[in-house]
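Student: Below is a structure I'd like to ask you about.
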Amino acid sequence: MFDKVLIANRGEIALRVVRACREMGIRTVAVHSTADADAMHVRLADESVCIGPPAAAGSYLNKIAILSAASITGANAIHPGYGFLSENADFAEMVESHGFTFIGPSPEHIRMMGDKIAAKKAAREVGIPVVPGSDGPVESETDAQALARDIGYPVLIKAAAGGGGRGMKVARSPSELVDAIQMARTEARTAFGNDAVYLEKYLGRPRHIEVQILADAHGNVVHLGERDCSLQRKHQKILEESPSPVLSTEDRARIGEIARSAISRLGYRNVGTLEFLYEDGAFYFIEMNTRLQVEHPVTEMVCGLDLVREQIRVAAGAPLGFSQSDIRFTGHSVECRINAENPNTFAPSPGRVGSYHAPGGLGVRVDSALYSGYAVPPHYDSLIAKLIVFGANRDECLMRLKRALMEFVIEGIETSIPLHMRLLDDPEFSAGNYDIHWLEGFVARNT
Ligand code: ADP
């Protein structure tokens, strides 16, 4: 096992990794920008190194500075968290070539899944159902017109290098298609430096259902059930739950087994998530994330596993200590993403936190790096806390979530807590009656 792990991230996820390492007897190194000198992850890690200025390009994305910090501190492995360099194949390669272990998959698997066209092709080849669409990048407008006619409107144009919902455009008719392709290309070029786009059937009312997998370097793969992440705004997840309120036991077992056997055929190692859209009883693969996800705690709550611990163990070459038949799913879990933003306009709201009081009690978990007096910097993602609640069933879980949200005090900045409170009062949400477009309508009605 590793003696020392460097965490190339910040915020709640850096803290999450520090916690897992400490419980495993592994020492930790935090890296931070000058804006994060007082951050909680820096305080709780065993050592810390300042790696650059506030802008992420000079610090959390600065590969050389991170590798230097690992060298200076004598770390054996680097945990990338999520976001930043977590799905950067070049970084994973550099980490390994400098003699450190990258706590993640091989660079080849990151590269394959980072190119969504290659990912869909690989998925098809290992028996995963995909959304109908183009087999490769869209080459010409004529090809796109012909293909869109075949699969039927509306269609979605997506960036091959896409992420975070950027570079995606819907075309509802042939006349919209040319403009949509142009816009998607421009957005993709600006955001990802790669303007390859592809075409997919646009599903009208699907749910976003993703399957968590865990694979070691010895060919053992398990799936840890699904998460329903259909509550999204601008393709960004707001609230996630496990199990999904709509999946039957048969569908759950079926998609879990498809994911498990596909991952095993790919020879993949690490935690990973296969994302699907689910409509009328059918699953359609959209992408695979080759890292830990923000919403991993809901899976931990219903499986009773520490995913970060397992991720570190498999990176160190240890075999999984259990097989699929040992995995037991119990109860229900929901995660609310709490962002530093106005709950009506969604405008970011960085600044100094006044009083801070996190909820507690049975079945309540808060993953957050906030504390009273901490100044939320304006330079990074607005996620400041994750409230994760567990209950024996969905009803109990939602009642508990409501009381936990009522207890949560974060003064001095605006947060999305009021949005979550309103959501919990909505009868459609309570009934589990929502698809990926539902939240946008809810927000429009309620703000
Ligand atoms: P990103 O990597 O940018 O997050 P994804 O491919 O994961 O992109 O898609 C993000 C979200 O966009 C999905 O969760 C879903 O809400 C929506 N989406 C993606 N593909 C489709 C589709 N074919 N039809 C309808 N909605 C889609």
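Naming works like this for the structure tokens: A, B, ... for the chains as they're shown, residue 1 at the start of each chain, ligands 1 onward in shown order.
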Please, which residues of region 29-258 of chain A, numbered as in this document, come out strand (DSSP E or B) from DSSP, as a count of residues only?

Tutor: 60

Student: Given a cut-off of 9 Å, what residues near ligand 1 show up using only C-alpha atoms and all ligand atoms, put as a PDB file with C-alpha atoms, in the first residue's frame?

Tutor:
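Saved the output as out_37.pdb:
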```
ATOM      1  CA  GLY A 114     -12.550  11.145 -23.221  1.00  0.00           C
ATOM      2  CA  LYS A 116     -17.038  10.467 -26.935  1.00  0.00           C
ATOM      3  CA  VAL A 131     -28.213   6.269 -28.552  1.00  0.00           C
ATOM      4  CA  PRO A 132     -28.870   5.985 -32.297  1.00  0.00           C
ATOM      5  CA  GLY A 133     -26.682   8.459 -34.183  1.00  0.00           C
ATOM      6  CA  PRO A 154     -35.165  16.305 -33.144  1.00  0.00           C
ATOM      7  CA  VAL A 155     -31.452  15.513 -33.128  1.00  0.00           C
ATOM      8  CA  LEU A 156     -28.686  16.552 -30.769  1.00  0.00           C
ATOM      9  CA  ILE A 157     -25.294  17.752 -31.965  1.00  0.00           C
ATOM     10  CA  LYS A 158     -22.591  16.938 -29.434  1.00  0.00           C
ATOM     11  CA  ALA A 159     -18.888  17.728 -29.140  1.00  0.00           C
ATOM     12  CA  ALA A 161     -14.437  16.264 -26.592  1.00  0.00           C
ATOM     13  CA  GLY A 162     -17.520  17.481 -24.684  1.00  0.00           C
ATOM     14  CA  GLY A 163     -17.995  17.711 -20.959  1.00  0.00           C
ATOM     15  CA  GLY A 164     -20.063  19.686 -18.483  1.00  0.00           C
ATOM     16  CA  GLY A 165     -22.906  19.929 -20.963  1.00  0.00           C
ATOM     17  CA  ARG A 166     -20.990  22.285 -23.258  1.00  0.00           C
ATOM     18  CA  GLY A 167     -20.964  22.026 -27.029  1.00  0.00           C
ATOM     19  CA  MET A 168     -24.455  20.490 -27.170  1.00  0.00           C
ATOM     20  CA  VAL A 170     -30.627  20.573 -30.423  1.00  0.00           C
ATOM     21  CA  LEU A 199     -25.044  13.551 -34.081  1.00  0.00           C
ATOM     22  CA  GLU A 200     -27.439  11.698 -31.825  1.00  0.00           C
ATOM     23  CA  LYS A 201     -31.171  11.180 -31.589  1.00  0.00           C
ATOM     24  CA  TYR A 202     -32.563  13.679 -29.087  1.00  0.00           C
ATOM     25  CA  LEU A 203     -34.642  11.845 -26.504  1.00  0.00           C
ATOM     26  CA  GLY A 204     -37.717  13.776 -25.379  1.00  0.00           C
ATOM     27  CA  ARG A 205     -38.274  12.602 -21.811  1.00  0.00           C
ATOM     28  CA  PRO A 206     -35.502  10.285 -20.652  1.00  0.00           C
ATOM     29  CA  ARG A 207     -34.090   9.796 -17.189  1.00  0.00           C
ATOM     30  CA  HIS A 208     -30.370   9.997 -16.577  1.00  0.00           C
ATOM     31  CA  ILE A 209     -29.394   6.722 -14.969  1.00  0.00           C
ATOM     32  CA  CYS A 229     -29.312  11.980 -11.790  1.00  0.00           C
ATOM     33  CA  SER A 230     -32.224  13.259 -13.867  1.00  0.00           C
ATOM     34  CA  LEU A 231     -32.592  16.496 -11.917  1.00  0.00           C
ATOM     35  CA  GLN A 232     -30.395  18.758 -13.995  1.00  0.00           C
ATOM     36  CA  ARG A 233     -30.166  22.390 -14.931  1.00  0.00           C
ATOM     37  CA  LYS A 234     -28.237  23.208 -18.109  1.00  0.00           C
ATOM     38  CA  HIS A 235     -27.057  19.572 -18.107  1.00  0.00           C
ATOM     39  CA  GLN A 236     -25.579  20.044 -14.610  1.00  0.00           C
ATOM     40  CA  LYS A 237     -26.726  17.645 -11.910  1.00  0.00           C
ATOM     41  CA  GLU A 275     -24.002   7.012 -18.010  1.00  0.00           C
ATOM     42  CA  PHE A 276     -27.244   6.059 -19.729  1.00  0.00           C
ATOM     43  CA  LEU A 277     -30.427   7.728 -20.779  1.00  0.00           C
ATOM     44  CA  TYR A 284     -28.941   4.191 -24.160  1.00  0.00           C
ATOM     45  CA  PHE A 285     -25.275   4.710 -23.264  1.00  0.00           C
ATOM     46  CA  ILE A 286     -24.114   8.339 -23.517  1.00  0.00           C
ATOM     47  CA  GLU A 287     -20.664   8.369 -21.923  1.00  0.00           C
ATOM     48  CA  MET A 288     -18.317   6.877 -19.384  1.00  0.00           C
ATOM     49  CA  ASN A 289     -16.577   8.829 -16.637  1.00  0.00           C
ATOM     50  CA  ASP A 435     -37.214  13.330 -16.409  1.00  0.00           C
ATOM     51  CA  ILE A 436     -34.039  15.232 -17.403  1.00  0.00           C
ATOM     52  CA  HIS A 437     -36.032  18.256 -18.619  1.00  0.00           C
TER      53      HIS A 437
END
```

Student: Taking the DSSP assignment computed from this structure's backbone, write out as a ChimeraX atom specification all residues of region 161-223 of chain A that belong to helix (DSSP H, G or I).

Tutor: /A:174-192

Student: Store the residues picked out above, limited to N, CA and C atoms, as a JSON list (two decimals), in the first residue's frame.

Tutor:
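Output file part-v8.json follows:
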```json
[["chain", "number", "residue", "atom", "x", "y", "z"],
["A", 174, "PRO", "N", -34.73, 20.28, -40.32],
["A", 174, "PRO", "CA", -33.57, 20.41, -41.22],
["A", 174, "PRO", "C", -33.05, 21.84, -41.27],
["A", 175, "SER", "N", -33.97, 22.83, -41.18],
["A", 175, "SER", "CA", -33.52, 24.22, -41.30],
["A", 175, "SER", "C", -32.68, 24.65, -40.09],
["A", 176, "GLU", "N", -32.87, 23.98, -38.95],
["A", 176, "GLU", "CA", -32.09, 24.35, -37.76],
["A", 176, "GLU", "C", -30.74, 23.64, -37.73],
["A", 177, "LEU", "N", -30.63, 22.59, -38.53],
["A", 177, "LEU", "CA", -29.46, 21.71, -38.38],
["A", 177, "LEU", "C", -28.12, 22.39, -38.68],
["A", 178, "VAL", "N", -28.06, 23.15, -39.77],
["A", 178, "VAL", "CA", -26.79, 23.75, -40.18],
["A", 178, "VAL", "C", -26.27, 24.72, -39.11],
["A", 179, "ASP", "N", -27.18, 25.57, -38.64],
["A", 179, "ASP", "CA", -26.80, 26.53, -37.58],
["A", 179, "ASP", "C", -26.37, 25.82, -36.31],
["A", 180, "ALA", "N", -27.12, 24.77, -35.97],
["A", 180, "ALA", "CA", -26.81, 24.04, -34.72],
["A", 180, "ALA", "C", -25.42, 23.42, -34.80],
["A", 181, "ILE", "N", -25.08, 22.89, -35.95],
["A", 181, "ILE", "CA", -23.75, 22.29, -36.11],
["A", 181, "ILE", "C", -22.67, 23.37, -35.98],
["A", 182, "GLN", "N", -22.92, 24.51, -36.64],
["A", 182, "GLN", "CA", -21.96, 25.62, -36.56],
["A", 182, "GLN", "C", -21.75, 26.05, -35.11],
["A", 183, "MET", "N", -22.86, 26.21, -34.40],
["A", 183, "MET", "CA", -22.77, 26.69, -33.01],
["A", 183, "MET", "C", -22.06, 25.68, -32.12],
["A", 184, "ALA", "N", -22.40, 24.42, -32.31],
["A", 184, "ALA", "CA", -21.76, 23.37, -31.49],
["A", 184, "ALA", "C", -20.26, 23.34, -31.76],
["A", 185, "ARG", "N", -19.90, 23.47, -33.04],
["A", 185, "ARG", "CA", -18.47, 23.47, -33.42],
["A", 185, "ARG", "C", -17.72, 24.62, -32.77],
["A", 186, "THR", "N", -18.32, 25.82, -32.86],
["A", 186, "THR", "CA", -17.66, 27.01, -32.31],
["A", 186, "THR", "C", -17.48, 26.85, -30.80],
["A", 187, "GLU", "N", -18.55, 26.41, -30.13],
["A", 187, "GLU", "CA", -18.49, 26.25, -28.68],
["A", 187, "GLU", "C", -17.43, 25.20, -28.31],
["A", 188, "ALA", "N", -17.39, 24.12, -29.07],
["A", 188, "ALA", "CA", -16.45, 23.04, -28.78],
["A", 188, "ALA", "C", -15.01, 23.49, -29.02],
["A", 189, "ARG", "N", -14.81, 24.28, -30.08],
["A", 189, "ARG", "CA", -13.46, 24.76, -30.38],
["A", 189, "ARG", "C", -12.97, 25.65, -29.23],
["A", 190, "THR", "N", -13.84, 26.55, -28.77],
["A", 190, "THR", "CA", -13.47, 27.46, -27.69],
["A", 190, "THR", "C", -13.24, 26.71, -26.39],
["A", 191, "ALA", "N", -14.16, 25.81, -26.06],
["A", 191, "ALA", "CA", -14.07, 25.14, -24.75],
["A", 191, "ALA", "C", -13.03, 24.03, -24.71],
["A", 192, "PHE", "N", -12.88, 23.30, -25.81],
["A", 192, "PHE", "CA", -12.04, 22.08, -25.75],
["A", 192, "PHE", "C", -10.90, 22.08, -26.76]]
```

Student: List as a PyMOL selection string the protein and nucleic acid residues near Ile417 (chain A), meaning an atom at most 7 Å away when only C-alpha atoms are counted, but skip any in the same chain fewer than 2 places from it.

Tutor: chain A and resi 338+405+415+419-421

Student: Could the residues in this selection be written to a file with C-alpha atoms, as a compact mmCIF listing (two decimals), in the first residue's frame?

Tutor:
```txt
# COMPACT_ATOMS: atom_id res chain seq x y z
CA ILE A 338 -25.31 22.92 -2.43
CA LEU A 405 -31.99 21.16 5.04
CA THR A 415 -26.74 29.14 -1.53
CA LEU A 419 -34.08 25.63 -4.18
CA HIS A 420 -33.73 22.18 -2.61
CA MET A 421 -36.37 23.04 0.02
```

Student: To one decimal place, how far is CA of Ile26 (chain A) from CA of Ala75 (chain A) in Å?

Tutor: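 About the pair CA of Ile26 (chain A) and CA of Ala75 (chain A): they are 10.2 Å apart.
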
Student: Which is closer to His223 (chain A) than all the others in A:Arg260, A:Arg328, A:Arg269, A:His296, using only C-alpha atoms?

Tutor: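 When distances to His223 (chain A) are compared using only C-alpha atoms, the smallest one comes from A:Arg260.
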
Student: Counting only C-alpha atoms, which residue out of A:Leu6, A:Ala14, A:Ala92, A:Ile103 sits closest to Arg313 (chain A)?

Tutor: A:Ile103

Student: Can you work out which one of A:Leu61, A:Val42, A:Ala56, A:Ala316 has the shortest atom-to-atom distance to Ala77 (chain A), counting only C-alpha atoms?

Tutor: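 Nearest candidate to Ala77 (chain A) out of A:Leu61, A:Val42, A:Ala56, A:Ala316: A:Ala316.
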
Student: Measure the distance from CA of Asn433 (chain A) to CA of Thr273 (chain A) in Å and round it to one decimal.

Tutor: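 Interatomic distance here is 23.7 Å.
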
Student: Restricting the calculation to only C-alpha atoms, which member of A:Asp195, A:Glu12, A:Glu141, A:Glu440 is positioned closest to Val366 (chain A)?

Tutor: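 Between A:Asp195, A:Glu12, A:Glu141, A:Glu440, the residue approaching Val366 (chain A) most closely is A:Glu12.
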
Student: So that I can see what lies close to Asp426 (chain A), please list as number ranges by chain the residues with an atom at most 12 Å from it, counting only C-alpha atoms and leaving out residues fewer than 6 positions away in the same chain.

Tutor: A: 398, 402, 419-420, 432-434, 438-439, 442-443, 445-446

Student: Which polymer residues have any atom within 8 Å of an atom of Gln212 (chain A), counting only C-alpha atoms, with same-chain residues fewer than 5 positions away left out, as number ranges by chain?

Tutor: A: 223-227, 271-274, 299

Student: Restricting the calculation to only C-alpha atoms: of A:Leu85, A:Val353, A:Val49, A:Leu266, which residue gets closest to Glu108 (chain A)?

Tutor: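 Closest candidate: A:Leu266.
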
Student: Report as a ChimeraX atom specification all protein, DNA and RNA residues lying within 6 Å of Ala89 (chain A), evaluated on only C-alpha atoms, omitting residues in the same chain fewer than 4 positions from it.

Tutor: /A:107,110-111

Student: Which residue, A:Ile64, A:Ala70, A:Ala259, A:Ala55, has the smallest gap to Ile7 (chain A) when you use only C-alpha atoms?

Tutor: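 Under the stated criterion, the closest residue is A:Ala70.
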
Student: Which residues come within 9 Å of Asn344 (chain A), counting only C-alpha atoms, excluding same-chain residues fewer than 2 positions away, as a ChimeraX atom specification?

Tutor: /A:341-342,346-347,416,418-419,443,446-447
